[in-house]
file start-v5.cif (mmCIF, C-alpha atoms)
data_target
loop_
_atom_site.group_PDB
_atom_site.id
_atom_site.type_symbol
_atom_site.label_atom_id
_atom_site.label_comp_id
_atom_site.auth_asym_id
_atom_site.auth_seq_id
_atom_site.Cartn_x
_atom_site.Cartn_y
_atom_site.Cartn_z
ATOM 1 C CA MET A 1 32.602 203.194 105.591
ATOM 2 C CA MET A 2 34.286 205.662 103.260
ATOM 3 C CA ILE A 3 35.572 202.981 100.877
ATOM 4 C CA ILE A 4 32.069 201.537 100.514
ATOM 5 C CA SER A 5 30.725 204.982 99.622
ATOM 6 C CA LEU A 6 33.520 205.461 97.095
ATOM 7 C CA LEU A 7 32.812 202.091 95.509
ATOM 8 C CA VAL A 8 29.036 202.593 95.377
ATOM 9 C CA LEU A 9 29.373 206.068 93.884
ATOM 10 C CA SER A 10 31.927 204.714 91.408
ATOM 11 C CA VAL A 11 29.564 201.963 90.272
ATOM 12 C CA ILE A 12 26.776 204.521 89.841
ATOM 13 C CA GLY A 13 29.277 206.698 87.965
ATOM 14 C CA ALA A 14 30.151 203.813 85.629
ATOM 15 C CA VAL A 15 26.452 203.452 84.840
ATOM 16 C CA ILE A 16 26.238 207.211 84.197
ATOM 17 C CA TYR A 17 29.228 206.873 81.877
ATOM 18 C CA ALA A 18 27.491 204.062 79.962
ATOM 19 C CA VAL A 19 24.226 205.999 79.671
ATOM 20 C CA VAL A 20 25.978 209.156 78.441
ATOM 21 C CA GLY A 21 27.974 207.120 75.919
ATOM 22 C CA THR A 22 24.900 205.298 74.672
ATOM 23 C CA LEU A 23 22.990 208.532 74.179
ATOM 24 C CA TRP A 24 26.003 210.439 72.825
ATOM 25 C CA TYR A 25 26.883 207.871 70.173
ATOM 26 C CA SER A 26 23.360 206.847 69.165
ATOM 27 C CA ASN A 27 22.595 206.921 65.441
ATOM 28 C CA SER A 28 20.230 209.860 65.859
ATOM 29 C CA THR A 29 22.919 212.287 67.087
ATOM 30 C CA PRO A 30 25.548 214.129 65.032
ATOM 31 C CA MET A 31 28.230 212.517 67.228
ATOM 32 C CA GLY A 32 26.810 209.077 66.499
ATOM 33 C CA LYS A 33 26.997 209.767 62.780
ATOM 34 C CA VAL A 34 30.667 210.784 63.103
ATOM 35 C CA HIS A 35 31.329 207.616 65.099
ATOM 36 C CA MET A 36 29.704 205.481 62.391
ATOM 37 C CA GLN A 37 31.866 207.226 59.782
ATOM 38 C CA TYR A 38 34.922 206.492 61.913
ATOM 39 C CA LEU A 39 33.957 202.812 61.970
ATOM 40 C CA GLY A 40 33.386 202.851 58.213
ATOM 41 C CA PHE A 41 29.675 202.110 58.461
ATOM 42 C CA ASP A 42 28.810 205.005 56.149
ATOM 43 C CA LYS A 43 30.457 203.133 53.259
ATOM 44 C CA LEU A 44 28.606 199.856 53.841
ATOM 45 C CA SER A 45 25.353 198.696 52.331
ATOM 46 C CA GLU A 46 22.470 197.875 54.657
ATOM 47 C CA GLU A 47 23.201 194.167 54.202
ATOM 48 C CA GLU A 48 26.884 194.654 55.076
ATOM 49 C CA LYS A 49 25.924 196.666 58.158
ATOM 50 C CA LYS A 50 23.614 193.857 59.287
ATOM 51 C CA GLN A 51 26.333 191.284 58.701
ATOM 52 C CA LYS A 52 28.877 193.301 60.667
ATOM 53 C CA MET A 53 26.441 193.762 63.559
ATOM 54 C CA GLU A 54 25.633 190.036 63.609
ATOM 55 C CA SER A 55 29.314 189.064 63.627
ATOM 56 C CA ALA A 56 29.939 191.443 66.560
ATOM 57 C CA LYS A 57 27.095 190.116 68.728
ATOM 58 C CA PRO A 58 29.046 187.216 70.292
ATOM 59 C CA MET A 59 31.679 189.691 71.568
ATOM 60 C CA MET A 60 29.251 192.355 72.833
ATOM 61 C CA ALA A 61 28.965 191.114 76.412
ATOM 62 C CA LYS A 62 32.750 191.062 76.810
ATOM 63 C CA MET A 63 33.110 194.457 75.142
ATOM 64 C CA TYR A 64 30.438 196.061 77.335
ATOM 65 C CA GLY A 65 31.935 194.407 80.413
ATOM 66 C CA ALA A 66 35.380 195.764 79.567
ATOM 67 C CA GLN A 67 33.905 199.207 78.869
ATOM 68 C CA LEU A 68 32.092 199.183 82.220
ATOM 69 C CA LEU A 69 35.335 198.248 83.991
ATOM 70 C CA LEU A 70 37.161 201.119 82.272
ATOM 71 C CA ALA A 71 34.283 203.467 83.091
ATOM 72 C CA PHE A 72 34.433 202.291 86.718
ATOM 73 C CA LEU A 73 38.128 203.190 86.911
ATOM 74 C CA THR A 74 37.498 206.656 85.487
ATOM 75 C CA SER A 75 34.510 207.092 87.765
ATOM 76 C CA PHE A 76 36.499 205.981 90.798
ATOM 77 C CA ALA A 77 39.169 208.590 90.050
ATOM 78 C CA ALA A 78 36.573 211.366 89.739
ATOM 79 C CA VAL A 79 34.721 210.284 92.894
ATOM 80 C CA PHE A 80 37.991 209.961 94.822
ATOM 81 C CA ILE A 81 39.221 213.420 93.775
ATOM 82 C CA VAL A 82 35.939 215.140 94.611
ATOM 83 C CA THR A 83 35.249 213.285 97.842
ATOM 84 C CA LEU A 84 38.712 213.751 99.338
ATOM 85 C CA SER A 85 38.901 217.361 98.195
ATOM 86 C CA ILE A 86 35.595 218.260 99.819
ATOM 87 C CA GLN A 87 36.456 216.348 103.002
ATOM 88 C CA ASN A 88 39.609 218.465 103.174
ATOM 89 C CA HIS A 89 37.541 221.658 103.023
ATOM 90 C CA VAL A 90 38.078 222.401 99.333
ATOM 91 C CA PRO A 91 34.957 224.029 97.855
ATOM 92 C CA ALA A 92 32.886 221.667 95.707
ATOM 93 C CA SER A 93 33.286 223.901 92.653
ATOM 94 C CA MET A 94 37.065 223.668 92.944
ATOM 95 C CA ALA A 95 36.932 219.900 93.489
ATOM 96 C CA ILE A 96 34.865 219.535 90.320
ATOM 97 C CA GLY A 97 37.396 221.831 88.642
ATOM 98 C CA PHE A 98 40.142 219.364 89.610
ATOM 99 C CA VAL A 99 38.238 216.663 87.717
ATOM 100 C CA ALA A 100 37.902 218.954 84.689
ATOM 101 C CA PHE A 101 41.639 219.674 84.886
ATOM 102 C CA ASN A 102 42.359 215.940 84.925
ATOM 103 C CA TRP A 103 40.124 215.541 81.872
ATOM 104 C CA LEU A 104 42.035 218.293 80.060
ATOM 105 C CA THR A 105 45.514 217.091 80.991
ATOM 106 C CA PHE A 106 45.042 213.317 80.810
ATOM 107 C CA MET A 107 41.982 212.295 78.826
ATOM 108 C CA VAL A 108 42.172 214.868 76.027
ATOM 109 C CA PRO A 109 45.801 214.059 75.123
ATOM 110 C CA ILE A 110 45.126 210.314 75.215
ATOM 111 C CA ILE A 111 42.076 210.705 72.966
ATOM 112 C CA GLY A 112 44.068 212.945 70.639
ATOM 113 C CA GLN A 113 46.965 210.512 70.467
ATOM 114 C CA GLY A 114 44.592 207.645 69.774
ATOM 115 C CA ILE A 115 43.045 209.474 66.835
ATOM 116 C CA LEU A 116 46.355 210.877 65.593
ATOM 117 C CA TRP A 117 47.962 207.450 65.383
ATOM 118 C CA SER A 118 44.882 205.532 64.277
ATOM 119 C CA ASN A 119 43.667 204.981 60.767
ATOM 120 C CA CYS A 120 41.088 207.757 61.146
ATOM 121 C CA ASP A 121 39.925 209.494 57.981
ATOM 122 C CA PRO A 122 41.495 212.991 58.108
ATOM 123 C CA LYS A 123 38.143 214.488 57.026
ATOM 124 C CA ILE A 124 36.525 213.455 60.308
ATOM 125 C CA ALA A 125 39.535 213.362 62.661
ATOM 126 C CA TRP A 126 38.768 216.682 64.372
ATOM 127 C CA LYS A 127 35.057 215.899 64.634
ATOM 128 C CA LYS A 128 35.897 212.547 66.213
ATOM 129 C CA PHE A 129 38.414 214.185 68.567
ATOM 130 C CA TRP A 130 35.949 216.819 69.798
ATOM 131 C CA SER A 131 33.089 214.334 70.027
ATOM 132 C CA ASP A 132 35.073 211.822 72.086
ATOM 133 C CA SER A 133 36.637 214.525 74.248
ATOM 134 C CA PHE A 134 33.343 216.178 75.122
ATOM 135 C CA SER A 135 31.587 212.869 75.692
ATOM 136 C CA ASN A 136 34.183 212.135 78.351
ATOM 137 C CA LEU A 137 33.927 215.646 79.782
ATOM 138 C CA VAL A 138 30.151 215.403 80.166
ATOM 139 C CA SER A 139 30.506 211.991 81.810
ATOM 140 C CA VAL A 140 33.199 212.949 84.321
ATOM 141 C CA LEU A 141 31.479 216.223 85.218
ATOM 142 C CA LEU A 142 28.186 214.432 85.907
ATOM 143 C CA ILE A 143 30.035 211.901 88.048
ATOM 144 C CA ALA A 144 31.918 214.660 89.890
ATOM 145 C CA LEU A 145 28.670 216.534 90.496
ATOM 146 C CA LEU A 146 27.079 213.357 91.878
ATOM 147 C CA ALA A 147 30.066 212.779 94.158
ATOM 148 C CA SER A 148 29.909 216.373 95.425
ATOM 149 C CA PHE A 149 26.375 215.760 96.728
ATOM 150 C CA PHE A 150 27.539 212.834 98.867
ATOM 151 C CA ALA A 151 31.007 213.959 99.969
#
call {"tool": "encode", "arguments": {"input": "start-v5.cif", "output": "structure tokens"}}
result
Amino acid sequence: MMIISLLVLSVIGAVIYAVVGTLWYSNSTPMGKVHMQYLGFDKLSEEEKKQKMESAKPMMAKMYGAQLLLAFLTSFAAVFIVTLSIQNHVPASMAIGFVAFNWLTFMVPIIGQGILWSNCDPKIAWKKFWSDSFSNLVSVLLIALLASFFA
């Protein structure tokens, strides 16, 4: 029974991750604008943007599928940590803290390394780092909070 609960909560968590990411990186947010700069969209004409979007459409299903799989793995880790912690009589706040600690010690360095070694414009590198880091923090904390209600 426990594995089914973990899997169901992880799937819900992956959806939460996708919703947070969609809202976080939408064109109407400051983080979305930084993301578009990172992709180079700020230097393109409207016609070039349209062309780029059209050429990406055939790959979108695969890209979203891969992103959902990656989000599922992250979600599973958060759900697993919180659920097992609470079942072993760790307070929920501490269990959620474990997830935040994992974010700080694993996700933040990986995001930083990705930006450091990418071709990111130095003018936006820190904005991109903070935006990506906090997007992940919001996602994993929401997932951890959800898991704490069902542990």
call {"tool": "residues_around", "arguments": {"input": "start-v5.cif", "residues": "Ile96 of chain A", "least_positions_apart": "6", "cutoff": "12 Å", "atoms": "all atoms listed in the file", "output": "list in words"}}
result
Ala77, Ala78, Val79, Phe80, Ile81, Val82, Thr83, Leu84, Ser85, Ile86, Val90, Asn102, Trp103, Leu137, Val138, Val140, Leu141, Leu142, Ile143, Ala144, Leu145, Leu146, Ala147, Ser148, Phe149 and Ala151 of chain A
call {"tool": "resolve_selection", "arguments": {"input": "start-v5.cif", "expression": "the PyMOL selection byres ((chain A and resi 25) around 12)", "output": "tab-separated table (two decimals) with C-alpha atoms, keeping the file's coordinate frame"}}
result
chain	number	residue	atom	x	y	z
A	17	TYR	CA	29.23	206.87	81.88
A	18	ALA	CA	27.49	204.06	79.96
A	19	VAL	CA	24.23	206.00	79.67
A	20	VAL	CA	25.98	209.16	78.44
A	21	GLY	CA	27.97	207.12	75.92
A	22	THR	CA	24.90	205.30	74.67
A	23	LEU	CA	22.99	208.53	74.18
A	24	TRP	CA	26.00	210.44	72.82
A	26	SER	CA	23.36	206.85	69.17
A	27	ASN	CA	22.60	206.92	65.44
A	28	SER	CA	20.23	209.86	65.86
A	29	THR	CA	22.92	212.29	67.09
A	30	PRO	CA	25.55	214.13	65.03
A	31	MET	CA	28.23	212.52	67.23
A	32	GLY	CA	26.81	209.08	66.50
A	33	LYS	CA	27.00	209.77	62.78
A	34	VAL	CA	30.67	210.78	63.10
A	35	HIS	CA	31.33	207.62	65.10
A	36	MET	CA	29.70	205.48	62.39
A	37	GLN	CA	31.87	207.23	59.78
A	38	TYR	CA	34.92	206.49	61.91
A	39	LEU	CA	33.96	202.81	61.97
A	128	LYS	CA	35.90	212.55	66.21
A	131	SER	CA	33.09	214.33	70.03
A	132	ASP	CA	35.07	211.82	72.09
A	134	PHE	CA	33.34	216.18	75.12
A	135	SER	CA	31.59	212.87	75.69
A	136	ASN	CA	34.18	212.14	78.35
call {"tool": "atom_distance", "arguments": {"input": "start-v5.cif", "atom1": "atom CA of Gly65 of chain A", "atom2": "atom CA of Val11 of chain A"}}
result
12.6 Å
call {"tool": "closest_residue", "arguments": {"input": "start-v5.cif", "among": "A:Leu104, A:Ala56, A:Ile115, A:Leu73", "to": "Leu9 of chain A", "atoms": "only C-alpha atoms"}}
result
A:Leu73
call {"tool": "axis_aligned_box", "arguments": {"input": "start-v5.cif", "around": "segment 76-79 of chain A", "padding_each_side": "3 Å", "output": "lines of an AutoDock Vina configuration file"}}
result
center_x = 36.9
center_y = 208.7
center_z = 91.3
size_x = 10.4
size_y = 11.4
size_z = 9.2
call {"tool": "closest_residue", "arguments": {"input": "start-v5.cif", "among": "A:Ala71, A:Met53, A:Ile111, A:Ala66", "to": "Ile16 of chain A", "atoms": "only C-alpha atoms"}}
result
A:Ala71
call {"tool": "atom_distance", "arguments": {"input": "start-v5.cif", "atom1": "atom CA of Gly13 of chain A", "atom2": "atom CA of Leu70 of chain A"}}
result
11.2 Å
call {"tool": "closest_residue", "arguments": {"input": "start-v5.cif", "among": "A:Ser75, A:Thr105, A:Ser139, A:Gln51", "to": "Ala14 of chain A", "atoms": "only C-alpha atoms"}}
result
A:Ser75
call {"tool": "atom_distance", "arguments": {"input": "start-v5.cif", "atom1": "atom CA of Trp130 of chain A", "atom2": "atom CA of Gly97 of chain A"}}
result
19.6 Å
call {"tool": "closest_residue", "arguments": {"input": "start-v5.cif", "among": "A:Thr74, A:Gln113, A:Gln87, A:Ser118", "to": "Ile12 of chain A", "atoms": "all atoms listed in the file"}}
result
A:Thr74
